[in-house]
$ cat start00.csv   # CSV, C-alpha atoms (C1' of nucleotides)
chain,number,residue,atom,x,y,z
V,11,MET,CA,144.4,106.2,113.2
V,12,VAL,CA,142.5,106.7,109.9
V,13,ILE,CA,143.9,105.9,106.5
V,14,LEU,CA,142.2,107.0,103.3
V,15,ASP,CA,141.9,104.7,100.3
V,16,TYR,CA,141.8,106.7,97.2
V,17,LYS,CA,140.8,103.6,95.2
V,18,ASP,CA,137.7,103.5,97.3
V,19,ARG,CA,134.9,105.1,95.3
V,20,ARG,CA,133.1,106.3,98.4
V,21,PRO,CA,133.6,110.0,99.3
V,22,ILE,CA,136.2,110.8,101.9
V,23,TYR,CA,133.8,111.9,104.5
V,24,GLU,CA,132.1,108.5,104.4
V,25,GLN,CA,135.4,106.6,104.6
V,26,VAL,CA,136.2,108.6,107.7
V,27,ILE,CA,132.8,107.8,109.2
V,28,SER,CA,133.3,104.1,108.5
V,29,LYS,CA,136.8,104.0,109.9
V,30,LEU,CA,135.9,105.8,113.1
V,31,GLU,CA,132.8,103.6,113.6
V,32,GLU,CA,135.0,100.6,113.2
V,33,LEU,CA,137.5,101.9,115.8
V,34,MET,CA,134.6,102.6,118.2
V,35,LEU,CA,133.1,99.1,117.7
V,36,LEU,CA,136.5,97.5,118.2
V,37,GLY,CA,136.9,99.5,121.4
V,38,VAL,CA,140.1,101.1,120.1
V,39,LEU,CA,138.2,104.4,120.8
V,40,ALA,CA,136.7,103.9,124.2
V,41,GLU,CA,133.6,105.5,125.6
V,42,ASN,CA,134.1,109.2,126.4
V,43,GLU,CA,137.5,109.2,124.8
V,44,PRO,CA,138.2,112.4,122.8
V,45,LEU,CA,138.4,112.0,119.0
V,46,PRO,CA,141.1,113.9,117.2
V,47,SER,CA,140.1,117.5,116.6
V,48,VAL,CA,138.6,118.5,113.3
V,49,ARG,CA,141.6,120.5,112.3
V,50,SER,CA,144.3,118.0,113.4
V,51,LEU,CA,142.7,115.1,111.7
V,52,ALA,CA,142.3,117.1,108.6
V,53,THR,CA,145.9,118.0,108.7
V,54,ASP,CA,146.9,114.4,109.3
V,55,LEU,CA,144.9,113.2,106.3
V,56,ALA,CA,146.0,116.2,104.2
V,57,ILE,CA,142.4,117.2,103.5
V,58,ASN,CA,140.1,120.1,104.2
V,59,PRO,CA,138.7,120.5,107.7
V,60,ASN,CA,135.3,120.9,106.2
V,61,THR,CA,135.4,117.3,105.1
V,62,ILE,CA,136.1,116.1,108.6
V,63,GLN,CA,133.5,118.4,110.0
V,64,ARG,CA,131.0,116.8,107.8
V,65,ALA,CA,132.0,113.3,109.0
V,66,TYR,CA,131.8,114.4,112.6
V,67,ALA,CA,128.4,116.0,112.1
V,68,GLU,CA,127.1,112.8,110.6
V,69,LEU,CA,128.6,110.7,113.4
V,70,GLU,CA,126.9,113.0,115.9
V,71,ARG,CA,123.6,112.8,114.1
V,72,ARG,CA,123.8,109.0,114.4
V,73,GLY,CA,124.5,109.3,118.1
V,74,TYR,CA,127.9,107.8,117.9
V,75,ILE,CA,129.8,110.8,119.2
V,76,TYR,CA,128.9,113.8,121.2
V,77,THR,CA,130.3,117.3,121.1
V,78,VAL,CA,131.2,119.9,123.7
V,79,LYS,CA,131.8,123.3,122.2
V,80,GLY,CA,135.3,124.5,122.8
V,81,LYS,CA,136.4,121.2,124.1
V,82,GLY,CA,136.1,118.6,121.4
V,83,SER,CA,134.2,115.6,120.2
V,84,PHE,CA,133.9,112.4,122.3
V,85,VAL,CA,132.9,108.8,121.8
V,86,ALA,CA,129.3,108.3,123.0
V,87,ALA,CA,128.1,105.3,124.9
V,88,ASN,CA,128.6,102.6,122.4
V,89,SER,CA,126.3,99.8,123.7
V,90,THR,CA,123.5,101.1,121.5
V,91,MET,CA,125.8,101.2,118.5
V,92,LYS,CA,127.0,97.7,119.1
V,93,GLU,CA,123.4,96.4,119.3
V,94,ASN,CA,122.5,98.3,116.1
V,95,ARG,CA,125.4,96.8,114.3
V,96,LYS,CA,124.5,93.3,115.6
V,97,LYS,CA,121.0,93.6,114.2
V,98,GLU,CA,122.3,94.8,110.8
V,99,LEU,CA,124.9,92.0,110.7
V,100,LEU,CA,122.3,89.3,111.5
V,101,ILE,CA,120.2,90.5,108.5
V,102,GLN,CA,123.3,90.5,106.4
V,103,ILE,CA,124.2,87.0,107.4
V,104,SER,CA,120.7,85.9,106.6
V,105,GLU,CA,121.1,87.4,103.1
V,106,VAL,CA,124.5,85.8,102.4
V,107,ILE,CA,123.1,82.4,103.5
V,108,ASP,CA,120.2,82.8,101.1
V,109,GLU,CA,122.5,83.6,98.2
V,110,ALA,CA,124.8,80.7,99.1
V,111,ILE,CA,121.8,78.4,98.9
V,112,ARG,CA,120.8,79.8,95.5
V,113,LEU,CA,124.3,79.3,94.2
V,114,GLY,CA,124.4,75.7,95.4
V,115,ILE,CA,127.0,76.1,98.1
V,116,SER,CA,126.4,73.3,100.6
V,117,GLY,CA,125.2,73.9,104.2
V,118,ASP,CA,128.1,71.8,105.3
V,119,GLU,CA,130.6,74.1,103.7
V,120,ILE,CA,129.2,77.1,105.5
V,121,GLN,CA,129.0,75.2,108.8
V,122,LYS,CA,132.7,74.3,108.5
V,123,MET,CA,133.7,77.9,107.8
V,124,VAL,CA,131.9,79.0,111.0
V,125,GLU,CA,133.5,76.2,113.0
V,126,ILE,CA,137.0,77.0,111.7
V,127,GLN,CA,136.7,80.7,112.2
V,128,TYR,CA,135.2,80.5,115.7
V,129,GLY,CA,137.8,77.8,116.6
V,130,ALA,CA,140.6,80.1,115.5
V,131,ALA,CA,139.2,83.0,117.4
V,132,GLU,CA,139.0,81.0,120.6
V,133,LYS,CA,142.5,79.8,120.3
V,134,ARG,CA,143.6,83.4,119.7
V,135,ASP,CA,141.7,85.1,122.4
V,136,GLY,CA,141.6,82.3,124.9
V,137,GLY,CA,137.8,82.2,125.2
V,138,GLU,CA,137.0,85.3,127.2
V,139,GLU,CA,134.1,87.4,126.1
V,140,THR,CA,131.3,88.8,128.2
U,25,MET,CA,112.0,93.1,84.6
U,26,VAL,CA,114.1,95.8,86.1
U,27,ILE,CA,112.9,98.3,88.7
U,28,LEU,CA,114.8,101.4,89.6
U,29,ASP,CA,115.2,102.5,93.2
U,30,TYR,CA,115.6,106.2,93.4
U,31,LYS,CA,116.4,106.0,97.1
U,32,ASP,CA,119.4,103.9,96.1
U,33,ARG,CA,122.5,106.2,96.1
U,34,ARG,CA,124.1,104.1,93.4
U,35,PRO,CA,123.9,105.5,89.8
U,36,ILE,CA,121.2,104.1,87.6
U,37,TYR,CA,123.5,102.3,85.3
U,38,GLU,CA,125.0,100.4,88.2
U,39,GLN,CA,121.5,99.4,89.4
U,40,VAL,CA,120.7,98.1,86.0
U,41,ILE,CA,123.9,96.1,86.0
U,42,SER,CA,123.1,94.6,89.4
U,43,LYS,CA,119.6,93.7,88.5
U,44,LEU,CA,120.5,92.0,85.3
U,45,GLU,CA,123.3,90.1,86.9
U,46,GLU,CA,120.9,88.9,89.5
U,47,LEU,CA,118.4,87.8,86.9
U,48,MET,CA,121.1,85.9,85.0
U,49,LEU,CA,122.4,84.3,88.2
U,50,LEU,CA,118.9,83.2,89.1
U,51,GLY,CA,118.4,81.8,85.6
U,52,VAL,CA,115.5,84.1,84.9
U,53,LEU,CA,117.5,85.2,82.0
U,54,ALA,CA,118.8,82.0,80.5
U,55,GLU,CA,121.9,81.4,78.4
U,56,ASN,CA,121.7,82.9,74.9
U,57,GLU,CA,118.4,84.5,75.7
U,58,PRO,CA,118.1,88.1,74.3
U,59,LEU,CA,118.1,91.0,76.7
U,60,PRO,CA,115.7,93.8,76.1
U,61,SER,CA,117.0,96.2,73.5
U,62,VAL,CA,118.8,99.3,74.7
U,63,ARG,CA,116.0,101.6,73.5
U,64,SER,CA,113.1,99.5,74.8
U,65,LEU,CA,114.6,99.1,78.2
U,66,ALA,CA,115.3,102.8,78.3
U,67,THR,CA,111.7,103.5,77.4
U,68,ASP,CA,110.4,101.1,80.0
U,69,LEU,CA,112.5,102.7,82.8
U,70,ALA,CA,111.8,106.2,81.5
U,71,ILE,CA,115.5,107.0,81.2
U,72,ASN,CA,118.0,107.8,78.5
U,73,PRO,CA,119.2,105.1,76.2
U,74,ASN,CA,122.8,106.2,76.8
U,75,THR,CA,122.4,105.1,80.4
U,76,ILE,CA,121.3,101.6,79.4
U,77,GLN,CA,124.0,101.5,76.8
U,78,ARG,CA,126.6,102.1,79.5
U,79,ALA,CA,125.2,99.3,81.6
U,80,TYR,CA,125.3,96.9,78.7
U,81,ALA,CA,128.8,97.9,77.7
U,82,GLU,CA,129.9,97.1,81.2
U,83,LEU,CA,128.1,93.8,81.3
U,84,GLU,CA,129.8,92.9,78.1
U,85,ARG,CA,133.2,94.0,79.4
U,86,ARG,CA,132.6,91.6,82.3
U,87,GLY,CA,131.8,88.8,79.9
U,88,TYR,CA,128.2,88.4,81.2
U,89,ILE,CA,126.6,89.2,77.9
U,90,TYR,CA,127.6,89.2,74.3
U,91,THR,CA,126.5,91.4,71.5
U,92,VAL,CA,125.6,90.9,67.9
U,93,LYS,CA,125.5,94.1,65.9
U,94,GLY,CA,122.1,94.7,64.4
U,95,LYS,CA,120.6,91.8,66.4
U,96,GLY,CA,120.9,92.6,70.0
U,97,SER,CA,122.5,91.6,73.3
U,98,PHE,CA,122.4,88.1,74.7
U,99,VAL,CA,123.1,86.3,77.9
U,100,ALA,CA,126.6,84.7,77.8
U,101,ALA,CA,127.5,81.3,79.2
U,102,ASN,CA,126.9,81.9,82.8
U,103,SER,CA,128.9,79.1,84.5
U,104,THR,CA,131.9,81.4,84.8
U,105,MET,CA,129.8,84.1,86.2
U,106,LYS,CA,128.3,81.7,88.8
U,107,GLU,CA,131.8,80.5,89.8
U,108,ASN,CA,133.0,84.1,90.2
U,109,ARG,CA,130.1,85.0,92.3
U,110,LYS,CA,130.6,81.9,94.5
U,111,LYS,CA,134.2,82.9,95.2
U,112,GLU,CA,133.1,86.5,96.0
U,113,LEU,CA,130.4,85.2,98.3
U,114,LEU,CA,132.6,82.9,100.2
U,115,ILE,CA,134.9,85.8,100.9
U,116,GLN,CA,131.9,87.8,102.0
U,117,ILE,CA,130.7,85.0,104.3
U,118,SER,CA,134.1,84.8,105.9
U,119,GLU,CA,134.0,88.5,106.6
U,120,VAL,CA,130.6,88.5,108.2
U,121,ILE,CA,131.6,85.6,110.4
U,122,ASP,CA,134.6,87.5,111.5
U,123,GLU,CA,132.6,90.5,112.4
U,124,ALA,CA,130.0,88.3,114.2
U,125,ILE,CA,132.8,87.0,116.3
U,126,ARG,CA,134.0,90.4,117.1
U,127,LEU,CA,130.5,91.5,118.1
U,128,GLY,CA,130.1,88.6,120.4
U,129,ILE,CA,127.5,86.7,118.4
U,130,SER,CA,127.8,83.0,119.3
U,131,GLY,CA,128.8,80.4,116.8
U,132,ASP,CA,125.7,78.5,117.8
U,133,GLU,CA,123.5,81.3,116.7
U,134,ILE,CA,125.1,81.4,113.3
U,135,GLN,CA,124.9,77.6,113.0
U,136,LYS,CA,121.3,77.6,113.8
U,137,MET,CA,120.6,80.3,111.2
U,138,VAL,CA,122.3,78.2,108.6
U,139,GLU,CA,120.4,75.1,109.6
U,140,ILE,CA,117.1,76.8,109.5
U,141,GLN,CA,117.5,78.5,106.2
U,142,TYR,CA,118.9,75.5,104.5
U,143,GLY,CA,116.1,73.4,106.0
U,144,ALA,CA,113.5,75.8,104.7
U,145,ALA,CA,115.1,75.7,101.3
U,146,GLU,CA,115.0,72.0,101.1
U,147,LYS,CA,111.3,71.9,102.1
U,148,ARG,CA,110.6,74.5,99.5
U,149,ASP,CA,112.6,73.1,96.6
U,150,GLY,CA,112.3,69.4,97.4
U,151,GLY,CA,116.0,68.8,97.6
U,152,GLU,CA,117.1,68.8,94.0
U,153,GLU,CA,120.2,70.7,93.1
U,154,THR,CA,123.1,69.5,90.9
B,21,DG,C1',115.6,98.0,48.2
B,22,DC,C1',113.4,100.0,52.1
B,23,DA,C1',111.7,100.5,56.6
B,24,DA,C1',112.2,99.4,61.2
B,25,DG,C1',114.5,97.3,64.3
B,26,DT,C1',119.2,96.3,66.5
B,27,DG,C1',124.1,98.2,68.9
B,28,DT,C1',127.5,101.9,68.8
B,29,DA,C1',129.7,106.6,68.9
B,30,DT,C1',130.0,111.5,69.6
B,31,DT,C1',129.3,116.0,71.4
B,32,DA,C1',127.2,119.3,74.3
B,33,DA,C1',124.8,120.8,78.2
B,34,DC,C1',123.0,120.4,82.8
B,35,DA,C1',122.7,118.9,87.7
B,36,DC,C1',124.4,117.1,91.6
B,37,DT,C1',127.9,116.0,94.9
B,38,DC,C1',132.3,116.2,96.8
B,39,DT,C1',136.0,118.9,98.1
B,40,DT,C1',138.6,122.9,98.8
B,41,DA,C1',139.3,127.7,100.3
B,42,DA,C1',138.9,131.6,103.0
B,43,DT,C1',136.8,133.6,106.9
B,44,DA,C1',134.4,134.4,110.9
B,45,DC,C1',132.4,133.6,115.5
B,46,DG,C1',131.7,131.6,120.2
B,47,DG,C1',133.4,128.6,123.9
B,48,DT,C1',137.4,126.5,126.7
B,49,DT,C1',141.8,126.3,128.9
B,50,DA,C1',146.3,127.4,130.5
J,29,DT,C1',145.3,136.8,126.2
J,30,DA,C1',146.8,133.2,123.1
J,31,DA,C1',145.9,128.9,121.4
J,32,DC,C1',143.2,125.6,121.1
J,33,DC,C1',138.2,123.6,120.5
J,34,DG,C1',133.5,123.1,117.2
J,35,DT,C1',130.5,125.5,114.0
J,36,DA,C1',128.8,128.3,110.1
J,37,DT,C1',128.9,130.5,105.6
J,38,DT,C1',129.9,131.5,101.0
J,39,DA,C1',132.2,130.8,96.7
J,40,DA,C1',134.6,128.2,93.5
J,41,DG,C1',136.4,124.0,91.2
J,42,DA,C1',136.3,119.3,89.7
J,43,DG,C1',134.2,115.0,88.7
J,44,DT,C1',130.4,112.1,87.6
J,45,DG,C1',125.9,110.8,86.2
J,46,DT,C1',122.4,111.8,83.1
J,47,DT,C1',120.0,113.7,79.3
J,48,DA,C1',119.6,115.2,74.5
J,49,DA,C1',120.2,115.2,69.7
J,50,DT,C1',122.4,113.0,66.0
J,51,DA,C1',124.6,109.9,63.1
J,52,DC,C1',126.3,105.4,61.4
J,53,DA,C1',126.6,100.3,60.5
J,54,DC,C1',124.2,96.0,60.7
J,55,DT,C1',120.0,92.7,60.5
J,56,DT,C1',115.4,91.3,59.4
J,57,DG,C1',111.1,91.2,57.0
J,58,DC,C1',108.2,93.0,53.7

$ encode --input "start00.csv" --output "structure tokens"
Amino acid sequence: MVILDYKDRRPIYEQVISKLEELMLLGVLAENEPLPSVRSLATDLAINPNTIQRAYAELERRGYIYTVKGKGSFVAANSTMKENRKKELLIQISEVIDEAIRLGISGDEIQKMVEIQYGAAEKRDGGEET
Amino acid sequence: MVILDYKDRRPIYEQVISKLEELMLLGVLAENEPLPSVRSLATDLAINPNTIQRAYAELERRGYIYTVKGKGSFVAANSTMKENRKKELLIQISEVIDEAIRLGISGDEIQKMVEIQYGAAEKRDGGEET
DNA sequence: GCAAGTGTATTAACACTCTTAATACGGTTA
DNA sequence: TAACCGTATTAAGAGTGTTAATACACTTGC
């Protein structure tokens, strides 16, 4: 479910946060679904439970998961999360476009990339999407 | 010339590298122009010279600057640097487009952003560009 | 030549963060 | 009650970033 990358300079707990966020955004971990327990995930990844605990604590602080004592941690309603990520991404897109302009990459080239990738996605997914 | 951001979690020497790279990419620091000396930049930023030295050593390792002992450090030919950055950026653009698709952002929305930003840039810069 | 400026190198010490380890406690469930 | 859950605490270690103090070789201008 989660794979650590020891070449990644970020601390383990941050990698765990990112990976779980991604799984939640992709819907692999659906709303109200239980996350692996602190201890079991720690065992899987061969790391200390405290490190997982730290990741979960941060995910809860961000509102991405919720916890029931004695039962476990669960995926929170993720619509907010999706909206947050959308906003961040739009900013990021704006930034990369700016840099592309500065580096002299043509608008056409970007437009084509967008067309191609969206085209491929449609072919792949058959054009559903809420 | 360089401003440190102590809220930034990255180490100082990395921030210095990024800022100088940016200045070189933007042409603010032109080819063969001298960079501030290790000691003077350290004094300006109120940090230890060793930290600047580390940044300069890394910039030289990357081929972005060259050093003449006793004289100083200078901006290297930056065409290679520009090409490297272009390649990186194209990958990055591809990645954000992918995520935009996954999050259900429409291709039209992206296209419009590109149009608007490129339009604004033309108006601003009057359409030159090699 | 000398002084003042360059970059470079080395060593020690300190601070901070990440991670582990060992425990303990309270809640839930079968 | 036993075996799971999350949570909390304390201590120790390792690694990295940063500072500090120094020293050396080179260049430039007086």

$ atom_distance --input "start00.csv" --atom1 "atom C1' of J:DA53" --atom2 "atom CA of U:Gly87"
23.1 Å

$ interface_residues --input "start00.csv" --of "chain V" --to "chain J" --cutoff "6 Å" --atoms "all atoms listed in the file" --output "VMD selection string"
chain V and resid 79 to 82

$ interface_residues --input "start00.csv" --of "chain U" --to "chain V" --cutoff "7 Å" --atoms "only C-alpha atoms" --output "list in words"
Lys110, Ile117, Val120, Ile121, Ile125, Leu127, Gly131, Gln135, Val138, Tyr142 and Glu153 of chain U

$ interface_residues --input "start00.csv" --of "chain B" --to "chain U" --cutoff "12 Å" --atoms "all atoms listed in the file" --output "PyMOL selection string"
chain B and resi 24-30+36-37

$ write_last_selection --input "start00.csv" --atoms "C-alpha atoms (C1' of nucleotides)" --output "tab-separated table (two decimals), in the coordinates of the input"
chain	number	residue	atom	x	y	z
B	24	DA	C1'	112.20	99.40	61.20
B	25	DG	C1'	114.50	97.30	64.30
B	26	DT	C1'	119.20	96.30	66.50
B	27	DG	C1'	124.10	98.20	68.90
B	28	DT	C1'	127.50	101.90	68.80
B	29	DA	C1'	129.70	106.60	68.90
B	30	DT	C1'	130.00	111.50	69.60
B	36	DC	C1'	124.40	117.10	91.60
B	37	DT	C1'	127.90	116.00	94.90

$ atom_distance --input "start00.csv" --atom1 "atom CA of V:Val26" --atom2 "atom CA of V:Ile62"
7.6 Å

$ build_atoms --input "start00.csv" --residues "stretch 29-60 of chain V" --atoms "N, CA and C atoms" --output "PDB file, in the coordinates of the input"
ATOM      1  N   LYS V  29     135.593 104.335 109.158  1.00  0.00           N
ATOM      2  CA  LYS V  29     136.800 104.000 109.900  1.00  0.00           C
ATOM      3  C   LYS V  29     136.615 104.277 111.394  1.00  0.00           C
ATOM      4  N   LEU V  30     136.042 105.424 111.693  1.00  0.00           N
ATOM      5  CA  LEU V  30     135.900 105.800 113.100  1.00  0.00           C
ATOM      6  C   LEU V  30     134.823 104.892 113.758  1.00  0.00           C
ATOM      7  N   GLU V  31     133.772 104.567 113.035  1.00  0.00           N
ATOM      8  CA  GLU V  31     132.800 103.600 113.600  1.00  0.00           C
ATOM      9  C   GLU V  31     133.439 102.307 113.922  1.00  0.00           C
ATOM     10  N   GLU V  32     134.290 101.861 113.015  1.00  0.00           N
ATOM     11  CA  GLU V  32     135.000 100.600 113.200  1.00  0.00           C
ATOM     12  C   GLU V  32     135.850 100.662 114.480  1.00  0.00           C
ATOM     13  N   LEU V  33     136.593 101.756 114.595  1.00  0.00           N
ATOM     14  CA  LEU V  33     137.500 101.900 115.800  1.00  0.00           C
ATOM     15  C   LEU V  33     136.649 101.936 117.053  1.00  0.00           C
ATOM     16  N   MET V  34     135.468 102.519 116.980  1.00  0.00           N
ATOM     17  CA  MET V  34     134.600 102.600 118.200  1.00  0.00           C
ATOM     18  C   MET V  34     134.053 101.207 118.490  1.00  0.00           C
ATOM     19  N   LEU V  35     133.645 100.485 117.444  1.00  0.00           N
ATOM     20  CA  LEU V  35     133.100  99.100 117.700  1.00  0.00           C
ATOM     21  C   LEU V  35     134.162  98.200 118.228  1.00  0.00           C
ATOM     22  N   LEU V  36     135.384  98.377 117.775  1.00  0.00           N
ATOM     23  CA  LEU V  36     136.500  97.500 118.200  1.00  0.00           C
ATOM     24  C   LEU V  36     136.955  97.914 119.632  1.00  0.00           C
ATOM     25  N   GLY V  37     136.486  99.060 120.102  1.00  0.00           N
ATOM     26  CA  GLY V  37     136.900  99.500 121.400  1.00  0.00           C
ATOM     27  C   GLY V  37     138.257 100.205 121.406  1.00  0.00           C
ATOM     28  N   VAL V  38     138.811 100.403 120.211  1.00  0.00           N
ATOM     29  CA  VAL V  38     140.100 101.100 120.100  1.00  0.00           C
ATOM     30  C   VAL V  38     139.835 102.575 120.592  1.00  0.00           C
ATOM     31  N   LEU V  39     138.668 103.079 120.216  1.00  0.00           N
ATOM     32  CA  LEU V  39     138.200 104.400 120.800  1.00  0.00           C
ATOM     33  C   LEU V  39     137.183 104.065 121.830  1.00  0.00           C
ATOM     34  N   ALA V  40     137.560 104.255 123.079  1.00  0.00           N
ATOM     35  CA  ALA V  40     136.700 103.900 124.200  1.00  0.00           C
ATOM     36  C   ALA V  40     135.678 104.994 124.496  1.00  0.00           C
ATOM     37  N   GLU V  41     134.638 104.608 125.160  1.00  0.00           N
ATOM     38  CA  GLU V  41     133.600 105.500 125.600  1.00  0.00           C
ATOM     39  C   GLU V  41     134.177 106.780 126.248  1.00  0.00           C
ATOM     40  N   ASN V  42     133.662 107.928 125.843  1.00  0.00           N
ATOM     41  CA  ASN V  42     134.100 109.200 126.400  1.00  0.00           C
ATOM     42  C   ASN V  42     135.489 109.653 126.064  1.00  0.00           C
ATOM     43  N   GLU V  43     136.136 108.862 125.266  1.00  0.00           N
ATOM     44  CA  GLU V  43     137.500 109.200 124.800  1.00  0.00           C
ATOM     45  C   GLU V  43     137.349 110.328 123.768  1.00  0.00           C
ATOM     46  N   PRO V  44     138.275 111.299 123.782  1.00  0.00           N
ATOM     47  CA  PRO V  44     138.200 112.400 122.800  1.00  0.00           C
ATOM     48  C   PRO V  44     138.623 111.853 121.397  1.00  0.00           C
ATOM     49  N   LEU V  45     137.916 112.280 120.384  1.00  0.00           N
ATOM     50  CA  LEU V  45     138.400 112.000 119.000  1.00  0.00           C
ATOM     51  C   LEU V  45     139.389 113.080 118.649  1.00  0.00           C
ATOM     52  N   PRO V  46     140.179 112.827 117.617  1.00  0.00           N
ATOM     53  CA  PRO V  46     141.100 113.900 117.200  1.00  0.00           C
ATOM     54  C   PRO V  46     140.265 115.102 116.755  1.00  0.00           C
ATOM     55  N   SER V  47     140.839 116.271 116.956  1.00  0.00           N
ATOM     56  CA  SER V  47     140.100 117.500 116.600  1.00  0.00           C
ATOM     57  C   SER V  47     139.915 117.572 115.099  1.00  0.00           C
ATOM     58  N   VAL V  48     138.886 118.267 114.709  1.00  0.00           N
ATOM     59  CA  VAL V  48     138.600 118.500 113.300  1.00  0.00           C
ATOM     60  C   VAL V  48     139.810 118.908 112.519  1.00  0.00           C
ATOM     61  N   ARG V  49     140.457 119.914 113.050  1.00  0.00           N
ATOM     62  CA  ARG V  49     141.600 120.500 112.300  1.00  0.00           C
ATOM     63  C   ARG V  49     142.802 119.539 112.295  1.00  0.00           C
ATOM     64  N   SER V  50     143.064 118.884 113.414  1.00  0.00           N
ATOM     65  CA  SER V  50     144.300 118.000 113.400  1.00  0.00           C
ATOM     66  C   SER V  50     144.088 116.807 112.542  1.00  0.00           C
ATOM     67  N   LEU V  51     142.888 116.223 112.574  1.00  0.00           N
ATOM     68  CA  LEU V  51     142.700 115.100 111.700  1.00  0.00           C
ATOM     69  C   LEU V  51     142.735 115.457 110.242  1.00  0.00           C
ATOM     70  N   ALA V  52     142.192 116.644 109.967  1.00  0.00           N
ATOM     71  CA  ALA V  52     142.300 117.100 108.600  1.00  0.00           C
ATOM     72  C   ALA V  52     143.711 117.309 108.160  1.00  0.00           C
ATOM     73  N   THR V  53     144.517 117.829 109.025  1.00  0.00           N
ATOM     74  CA  THR V  53     145.900 118.000 108.700  1.00  0.00           C
ATOM     75  C   THR V  53     146.618 116.657 108.511  1.00  0.00           C
ATOM     76  N   ASP V  54     146.342 115.712 109.412  1.00  0.00           N
ATOM     77  CA  ASP V  54     146.900 114.400 109.300  1.00  0.00           C
ATOM     78  C   ASP V  54     146.599 113.746 107.932  1.00  0.00           C
ATOM     79  N   LEU V  55     145.345 113.871 107.540  1.00  0.00           N
ATOM     80  CA  LEU V  55     144.900 113.200 106.300  1.00  0.00           C
ATOM     81  C   LEU V  55     145.176 114.073 105.070  1.00  0.00           C
ATOM     82  N   ALA V  56     145.683 115.258 105.320  1.00  0.00           N
ATOM     83  CA  ALA V  56     146.000 116.200 104.200  1.00  0.00           C
ATOM     84  C   ALA V  56     144.722 116.516 103.422  1.00  0.00           C
ATOM     85  N   ILE V  57     143.649 116.741 104.142  1.00  0.00           N
ATOM     86  CA  ILE V  57     142.400 117.200 103.500  1.00  0.00           C
ATOM     87  C   ILE V  57     141.831 118.354 104.207  1.00  0.00           C
ATOM     88  N   ASN V  58     140.748 118.878 103.658  1.00  0.00           N
ATOM     89  CA  ASN V  58     140.100 120.100 104.200  1.00  0.00           C
ATOM     90  C   ASN V  58     139.354 119.824 105.484  1.00  0.00           C
ATOM     91  N   PRO V  59     139.467 120.704 106.452  1.00  0.00           N
ATOM     92  CA  PRO V  59     138.700 120.500 107.700  1.00  0.00           C
ATOM     93  C   PRO V  59     137.223 120.398 107.517  1.00  0.00           C
ATOM     94  N   ASN V  60     136.702 121.041 106.489  1.00  0.00           N
ATOM     95  CA  ASN V  60     135.300 120.900 106.200  1.00  0.00           C
ATOM     96  C   ASN V  60     134.825 119.495 106.036  1.00  0.00           C
TER      97      ASN V  60
END
